[in-house]
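*Asks:* So that you have it, the file is upload25.txt, and it contains compact mmCIF, N, CA and C atoms:
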```
# COMPACT_ATOMS: atom_id res chain seq x y z
N MET W 1 -22.48 -4.20 9.35
CA MET W 1 -21.29 -3.61 9.94
C MET W 1 -20.09 -4.52 9.64
N VAL W 2 -19.02 -3.94 9.16
CA VAL W 2 -17.85 -4.71 8.80
C VAL W 2 -16.98 -4.92 10.04
N ASP W 3 -16.65 -6.20 10.31
CA ASP W 3 -15.78 -6.52 11.44
C ASP W 3 -14.33 -6.46 10.97
N LEU W 4 -13.58 -5.51 11.48
CA LEU W 4 -12.20 -5.34 11.05
C LEU W 4 -11.19 -5.99 12.00
N GLU W 5 -11.71 -6.74 13.00
CA GLU W 5 -10.80 -7.46 13.88
C GLU W 5 -10.17 -8.62 13.11
N PRO W 6 -8.89 -8.91 13.36
CA PRO W 6 -8.24 -10.03 12.69
C PRO W 6 -8.98 -11.34 12.93
N THR W 7 -9.11 -12.12 11.90
CA THR W 7 -9.78 -13.41 11.98
C THR W 7 -8.87 -14.46 11.38
N ASN W 8 -9.30 -15.72 11.47
CA ASN W 8 -8.53 -16.80 10.85
C ASN W 8 -8.43 -16.58 9.35
N ALA W 9 -9.49 -16.05 8.75
CA ALA W 9 -9.46 -15.78 7.31
C ALA W 9 -8.36 -14.77 6.98
N ASP W 10 -8.16 -13.81 7.89
CA ASP W 10 -7.09 -12.83 7.67
C ASP W 10 -5.72 -13.50 7.72
N ASP W 11 -5.58 -14.46 8.65
CA ASP W 11 -4.31 -15.20 8.73
C ASP W 11 -4.05 -15.95 7.43
N VAL W 12 -5.11 -16.55 6.89
CA VAL W 12 -4.97 -17.31 5.65
C VAL W 12 -4.55 -16.39 4.52
N LEU W 13 -5.21 -15.25 4.40
CA LEU W 13 -4.86 -14.31 3.33
C LEU W 13 -3.43 -13.77 3.54
N ALA W 14 -3.08 -13.49 4.78
CA ALA W 14 -1.71 -13.01 5.05
C ALA W 14 -0.69 -14.06 4.64
N ASP W 15 -1.02 -15.34 4.86
CA ASP W 15 -0.12 -16.42 4.46
C ASP W 15 0.03 -16.47 2.94
N VAL W 16 -1.04 -16.14 2.24
CA VAL W 16 -1.00 -16.15 0.78
C VAL W 16 -0.19 -14.96 0.26
N LEU W 17 -0.28 -13.84 0.94
CA LEU W 17 0.36 -12.61 0.47
C LEU W 17 1.88 -12.70 0.52
N ILE W 18 2.41 -13.38 1.54
CA ILE W 18 3.87 -13.45 1.68
C ILE W 18 4.32 -14.86 1.99
N GLU W 19 5.49 -15.23 1.47
CA GLU W 19 6.15 -16.49 1.81
C GLU W 19 7.59 -16.16 2.12
N GLU W 20 8.11 -16.74 3.20
CA GLU W 20 9.49 -16.46 3.59
C GLU W 20 10.33 -17.73 3.50
N ILE W 21 11.52 -17.60 2.94
CA ILE W 21 12.46 -18.71 2.95
C ILE W 21 13.84 -18.17 3.32
N SER W 22 14.68 -19.03 3.87
CA SER W 22 16.06 -18.64 4.17
C SER W 22 16.96 -19.29 3.15
N ILE W 23 17.83 -18.51 2.57
CA ILE W 23 18.79 -19.06 1.61
C ILE W 23 20.20 -18.88 2.14
N ASP W 24 20.34 -18.88 3.48
CA ASP W 24 21.66 -18.75 4.09
C ASP W 24 22.55 -19.88 3.55
N GLY W 25 23.72 -19.52 3.12
CA GLY W 25 24.63 -20.51 2.56
C GLY W 25 24.50 -20.67 1.07
N MET W 26 23.55 -19.95 0.47
CA MET W 26 23.35 -20.01 -0.97
C MET W 26 23.72 -18.67 -1.61
N CYS W 27 24.71 -18.02 -1.03
CA CYS W 27 25.13 -16.71 -1.50
C CYS W 27 25.45 -16.74 -2.99
N GLY W 28 24.91 -15.81 -3.74
CA GLY W 28 25.17 -15.73 -5.16
C GLY W 28 24.03 -16.24 -6.00
N VAL W 29 23.04 -16.89 -5.38
CA VAL W 29 21.90 -17.40 -6.14
C VAL W 29 21.05 -16.25 -6.65
N TYR W 30 20.88 -15.25 -5.78
CA TYR W 30 20.01 -14.15 -6.17
C TYR W 30 20.80 -13.07 -6.87
N MET E 1 0.03 4.67 16.45
CA MET E 1 -0.04 4.65 14.99
C MET E 1 1.25 4.06 14.43
N THR E 2 1.11 3.07 13.60
CA THR E 2 2.29 2.40 13.05
C THR E 2 2.50 2.81 11.61
N ALA E 3 3.74 3.05 11.29
CA ALA E 3 4.12 3.30 9.90
C ALA E 3 5.36 2.46 9.62
N TYR E 4 5.59 2.22 8.37
CA TYR E 4 6.72 1.38 8.00
C TYR E 4 7.57 2.05 6.93
N ALA E 5 8.77 1.51 6.78
CA ALA E 5 9.63 1.89 5.66
C ALA E 5 10.41 0.65 5.25
N LEU E 6 10.79 0.59 4.00
CA LEU E 6 11.58 -0.54 3.53
C LEU E 6 12.92 -0.55 4.25
N HIS E 7 13.32 -1.71 4.73
CA HIS E 7 14.61 -1.82 5.42
C HIS E 7 15.74 -1.45 4.46
N PRO E 8 16.71 -0.66 4.93
CA PRO E 8 17.78 -0.21 4.03
C PRO E 8 18.62 -1.34 3.44
N GLN E 9 18.58 -2.51 4.06
CA GLN E 9 19.37 -3.63 3.54
C GLN E 9 18.55 -4.58 2.66
N VAL E 10 17.35 -4.15 2.29
CA VAL E 10 16.47 -5.01 1.48
C VAL E 10 16.41 -4.51 0.05
N GLY E 11 16.56 -5.45 -0.87
CA GLY E 11 16.38 -5.15 -2.29
C GLY E 11 15.09 -5.78 -2.78
N LEU E 12 14.35 -5.03 -3.59
CA LEU E 12 13.10 -5.54 -4.15
C LEU E 12 13.28 -5.76 -5.65
N ARG E 13 12.81 -6.89 -6.13
CA ARG E 13 12.84 -7.15 -7.56
C ARG E 13 11.44 -7.51 -8.03
N ASP E 14 10.94 -6.79 -9.01
CA ASP E 14 9.61 -7.07 -9.53
C ASP E 14 9.57 -8.41 -10.24
N GLU E 15 8.50 -9.14 -10.00
CA GLU E 15 8.27 -10.44 -10.65
C GLU E 15 6.83 -10.49 -11.14
N GLN E 16 6.52 -11.49 -11.97
CA GLN E 16 5.15 -11.60 -12.48
C GLN E 16 4.15 -11.78 -11.36
N PHE E 17 4.55 -12.50 -10.29
CA PHE E 17 3.62 -12.77 -9.19
C PHE E 17 3.54 -11.63 -8.19
N GLY E 18 4.44 -10.65 -8.31
CA GLY E 18 4.50 -9.55 -7.35
C GLY E 18 5.93 -9.05 -7.26
N ALA E 19 6.66 -9.50 -6.23
CA ALA E 19 8.07 -9.10 -6.10
C ALA E 19 8.80 -10.04 -5.16
N LEU E 20 10.11 -10.06 -5.33
CA LEU E 20 10.99 -10.76 -4.39
C LEU E 20 11.67 -9.71 -3.53
N ALA E 21 11.74 -9.96 -2.24
CA ALA E 21 12.48 -9.09 -1.33
C ALA E 21 13.65 -9.88 -0.77
N TYR E 22 14.85 -9.38 -0.96
CA TYR E 22 16.03 -10.07 -0.44
C TYR E 22 16.72 -9.18 0.59
N HIS E 23 16.95 -9.75 1.78
CA HIS E 23 17.62 -9.01 2.84
C HIS E 23 19.10 -9.39 2.82
N TYR E 24 19.95 -8.42 2.52
CA TYR E 24 21.38 -8.68 2.39
C TYR E 24 22.05 -8.94 3.73
N GLY E 25 21.37 -8.63 4.84
CA GLY E 25 21.94 -8.88 6.15
C GLY E 25 21.62 -10.27 6.66
N ASN E 26 20.33 -10.61 6.71
CA ASN E 26 19.97 -11.93 7.25
C ASN E 26 19.77 -12.99 6.16
N ARG E 27 19.95 -12.59 4.90
CA ARG E 27 19.87 -13.49 3.74
C ARG E 27 18.53 -14.18 3.62
N ARG E 28 17.50 -13.53 4.10
CA ARG E 28 16.16 -14.10 3.91
C ARG E 28 15.56 -13.58 2.62
N LEU E 29 14.90 -14.48 1.94
CA LEU E 29 14.21 -14.14 0.71
C LEU E 29 12.71 -14.24 0.98
N THR E 30 11.99 -13.20 0.66
CA THR E 30 10.55 -13.18 0.92
C THR E 30 9.81 -12.94 -0.39
N PHE E 31 8.82 -13.77 -0.64
CA PHE E 31 7.99 -13.62 -1.83
C PHE E 31 6.79 -12.75 -1.48
N LEU E 32 6.63 -11.67 -2.19
CA LEU E 32 5.44 -10.82 -2.03
C LEU E 32 4.51 -11.16 -3.18
N ASN E 33 3.41 -11.85 -2.86
CA ASN E 33 2.57 -12.44 -3.90
C ASN E 33 1.39 -11.58 -4.32
N ASP E 34 1.52 -10.30 -4.20
CA ASP E 34 0.39 -9.43 -4.50
C ASP E 34 0.90 -8.05 -4.90
N ALA E 35 0.41 -7.56 -6.03
CA ALA E 35 0.90 -6.27 -6.55
C ALA E 35 0.58 -5.12 -5.61
N ARG E 36 -0.59 -5.17 -4.94
CA ARG E 36 -0.94 -4.08 -4.04
C ARG E 36 -0.04 -4.09 -2.81
N LEU E 37 0.30 -5.30 -2.34
CA LEU E 37 1.22 -5.39 -1.21
C LEU E 37 2.59 -4.82 -1.59
N VAL E 38 3.02 -5.10 -2.81
CA VAL E 38 4.30 -4.57 -3.29
C VAL E 38 4.25 -3.04 -3.31
N THR E 39 3.13 -2.51 -3.78
CA THR E 39 2.97 -1.05 -3.80
C THR E 39 3.08 -0.47 -2.40
N VAL E 40 2.42 -1.13 -1.44
CA VAL E 40 2.47 -0.65 -0.06
C VAL E 40 3.90 -0.70 0.48
N VAL E 41 4.59 -1.81 0.21
CA VAL E 41 5.96 -1.96 0.71
C VAL E 41 6.87 -0.89 0.12
N ARG E 42 6.73 -0.65 -1.18
CA ARG E 42 7.57 0.34 -1.85
C ARG E 42 7.29 1.77 -1.35
N SER E 43 6.03 2.06 -1.06
CA SER E 43 5.63 3.43 -0.76
C SER E 43 5.46 3.69 0.73
N ALA E 44 5.69 2.67 1.56
CA ALA E 44 5.38 2.79 3.00
C ALA E 44 6.06 4.00 3.64
N ALA E 45 7.28 4.29 3.21
CA ALA E 45 8.02 5.39 3.83
C ALA E 45 7.39 6.75 3.53
N ASP E 46 6.53 6.80 2.51
CA ASP E 46 5.93 8.07 2.11
C ASP E 46 4.71 8.44 2.96
N TYR E 47 4.26 7.51 3.82
CA TYR E 47 3.04 7.73 4.58
C TYR E 47 3.30 7.65 6.08
N ASP E 48 2.56 8.47 6.83
CA ASP E 48 2.75 8.53 8.28
C ASP E 48 1.99 7.46 9.02
N ASP E 49 1.10 6.75 8.34
CA ASP E 49 0.46 5.60 8.97
C ASP E 49 0.11 4.58 7.92
N VAL E 50 0.04 3.35 8.37
CA VAL E 50 -0.12 2.23 7.44
C VAL E 50 -1.46 2.28 6.72
N ASP E 51 -2.50 2.78 7.37
CA ASP E 51 -3.81 2.86 6.73
C ASP E 51 -3.77 3.75 5.49
N ALA E 52 -3.02 4.84 5.59
CA ALA E 52 -2.91 5.76 4.45
C ALA E 52 -2.20 5.07 3.29
N ALA E 53 -1.18 4.27 3.59
CA ALA E 53 -0.47 3.54 2.55
C ALA E 53 -1.36 2.49 1.91
N LEU E 54 -2.15 1.80 2.74
CA LEU E 54 -3.07 0.78 2.23
C LEU E 54 -4.15 1.43 1.37
N ASP E 55 -4.63 2.58 1.81
CA ASP E 55 -5.66 3.30 1.07
C ASP E 55 -5.13 3.73 -0.30
N ALA E 56 -3.92 4.28 -0.31
CA ALA E 56 -3.33 4.77 -1.56
C ALA E 56 -3.07 3.63 -2.54
N ALA E 57 -2.81 2.43 -2.01
CA ALA E 57 -2.53 1.27 -2.87
C ALA E 57 -3.81 0.60 -3.35
N GLY E 58 -4.96 1.07 -2.88
CA GLY E 58 -6.23 0.52 -3.33
C GLY E 58 -6.61 -0.78 -2.66
N VAL E 59 -6.09 -1.03 -1.47
CA VAL E 59 -6.44 -2.25 -0.74
C VAL E 59 -7.85 -2.10 -0.17
N PRO E 60 -8.76 -3.03 -0.50
CA PRO E 60 -10.14 -2.92 0.01
C PRO E 60 -10.18 -2.93 1.53
N VAL E 61 -11.13 -2.19 2.08
CA VAL E 61 -11.24 -2.07 3.55
C VAL E 61 -11.34 -3.44 4.20
N GLU E 62 -12.12 -4.34 3.59
CA GLU E 62 -12.32 -5.65 4.21
C GLU E 62 -11.05 -6.51 4.21
N SER E 63 -10.09 -6.17 3.37
CA SER E 63 -8.85 -6.94 3.30
C SER E 63 -7.73 -6.35 4.16
N ARG E 64 -7.96 -5.19 4.73
CA ARG E 64 -6.87 -4.49 5.42
C ARG E 64 -6.32 -5.22 6.65
N PRO E 65 -7.18 -5.91 7.44
CA PRO E 65 -6.60 -6.66 8.57
C PRO E 65 -5.57 -7.69 8.11
N ALA E 66 -5.85 -8.36 6.99
CA ALA E 66 -4.92 -9.36 6.48
C ALA E 66 -3.63 -8.69 5.98
N TYR E 67 -3.78 -7.57 5.30
CA TYR E 67 -2.59 -6.84 4.82
C TYR E 67 -1.78 -6.32 6.01
N ALA E 68 -2.49 -5.87 7.05
CA ALA E 68 -1.78 -5.38 8.25
C ALA E 68 -0.98 -6.51 8.89
N LYS E 69 -1.56 -7.71 8.92
CA LYS E 69 -0.83 -8.87 9.44
C LYS E 69 0.39 -9.17 8.58
N ALA E 70 0.19 -9.13 7.27
CA ALA E 70 1.31 -9.40 6.36
C ALA E 70 2.42 -8.38 6.56
N LEU E 71 2.06 -7.12 6.73
CA LEU E 71 3.06 -6.08 6.95
C LEU E 71 3.78 -6.27 8.28
N ALA E 72 3.04 -6.69 9.32
CA ALA E 72 3.68 -6.95 10.61
C ALA E 72 4.68 -8.09 10.49
N ARG E 73 4.33 -9.10 9.71
CA ARG E 73 5.26 -10.23 9.50
C ARG E 73 6.48 -9.76 8.72
N LEU E 74 6.26 -8.86 7.77
CA LEU E 74 7.40 -8.33 7.01
C LEU E 74 8.31 -7.51 7.92
N ALA E 75 7.73 -6.85 8.92
CA ALA E 75 8.55 -6.12 9.88
C ALA E 75 9.34 -7.09 10.76
N GLN E 76 8.70 -8.19 11.17
CA GLN E 76 9.41 -9.21 11.96
C GLN E 76 10.57 -9.80 11.17
N ALA E 77 10.35 -9.95 9.86
CA ALA E 77 11.39 -10.53 9.00
C ALA E 77 12.42 -9.48 8.58
N GLU E 78 12.25 -8.25 9.05
CA GLU E 78 13.16 -7.13 8.77
C GLU E 78 13.15 -6.72 7.30
N VAL E 79 12.08 -7.06 6.60
CA VAL E 79 11.89 -6.51 5.25
C VAL E 79 11.47 -5.05 5.38
N LEU E 80 10.64 -4.80 6.39
CA LEU E 80 10.22 -3.44 6.72
C LEU E 80 10.77 -3.07 8.09
N VAL E 81 10.92 -1.79 8.33
CA VAL E 81 11.21 -1.30 9.68
C VAL E 81 10.01 -0.46 10.12
N ALA E 82 9.62 -0.64 11.38
CA ALA E 82 8.49 0.11 11.92
C ALA E 82 8.94 1.51 12.30
N ARG E 83 8.08 2.48 12.03
CA ARG E 83 8.31 3.86 12.45
C ARG E 83 7.16 4.23 13.36
N HIS E 84 7.43 4.80 14.50
CA HIS E 84 6.35 5.15 15.44
C HIS E 84 6.34 6.63 15.68
```
Just dump the structure as structure tokens.
*Replies:*
Amino acid sequence: MVDLEPTNADDVLADVLIEEISIDGMCGVY
Amino acid sequence: MTAYALHPQVGLRDEQFGALAYHYGNRRLTFLNDARLVTVVRSAADYDDVDAALDAAGVPVESRPAYAKALARLAQAEVLVARH
């Protein structure tokens, strides 16, 4: 039976899937 | 049931690693490091629930809790907007 409840492994994969940074004050870089 | 749509102030740019999402309002830049996640983000507005979007993007069932977490974080970061 597959356990679909969130686990620590899910947190790790979620961390790999997205990274967030703020570039406030760097207008024009992108 | 949760569904999402791309925030109207967010621009997506395809990259080799996936895509960059830039929010023109809060100036946050988010790296989407997975092609399937990018597909879900782009197509989220076309589906009435997130599971259908994940299914259409080919996300394996065992990986869906992690993708759901990633999508929730994208909603917190205002890359996505939740639709209920």
*Asks:* In Å, with one decimal, what is the gap from atom CA of E:Leu54 to atom CA of E:Ala3?
*Replies:*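 Separation of atom CA of E:Leu54 and atom CA of E:Ala3: 10.8 Å.
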*Asks:* Counting all atoms listed in the file, which residues of chain W sit at most 5 Å from some atom of chain E, and what is each one's closest atom pair with its distance in Å to one decimal, listed by chain and rising residue number, as JSON lines?
*Replies:*
```
{"residue": "W:Asp10", "atom": "CA", "partner": "E:Ala66", "partner_atom": "CA", "distance": 4.3}
{"residue": "W:Ala14", "atom": "CA", "partner": "E:Ala66", "partner_atom": "C", "distance": 4.8}
{"residue": "W:Leu17", "atom": "C", "partner": "E:Asn33", "partner_atom": "N", "distance": 3.8}
{"residue": "W:Ile18", "atom": "CA", "partner": "E:Phe31", "partner_atom": "C", "distance": 4.4}
{"residue": "W:Glu19", "atom": "C", "partner": "E:Phe31", "partner_atom": "N", "distance": 3.9}
{"residue": "W:Glu20", "atom": "CA", "partner": "E:Thr30", "partner_atom": "CA", "distance": 4.4}
{"residue": "W:Ile21", "atom": "N", "partner": "E:Leu29", "partner_atom": "C", "distance": 4.1}
{"residue": "W:Ser22", "atom": "CA", "partner": "E:Arg28", "partner_atom": "CA", "distance": 4.5}
{"residue": "W:Ile23", "atom": "N", "partner": "E:Arg27", "partner_atom": "C", "distance": 4.5}
```
*Asks:* Kindly give the distance, in Å, that separates atom N of E:Arg83 and atom C of E:Tyr4, rounded to a single decimal.
*Replies:* 5.1 Å
*Asks:* Which distance in Å separates atom CA of E:Val79 and atom CA of E:Met1, to one decimal?
*Replies:* 19.0 Å
*Asks:* At a cut-off of 5 Å from (9.8, -1.0, 8.6) in the coordinates of the file, what residues are picked up using only N, CA and C atoms, written as a ChimeraX atom specification?
*Replies:* /E:4-6,80-82
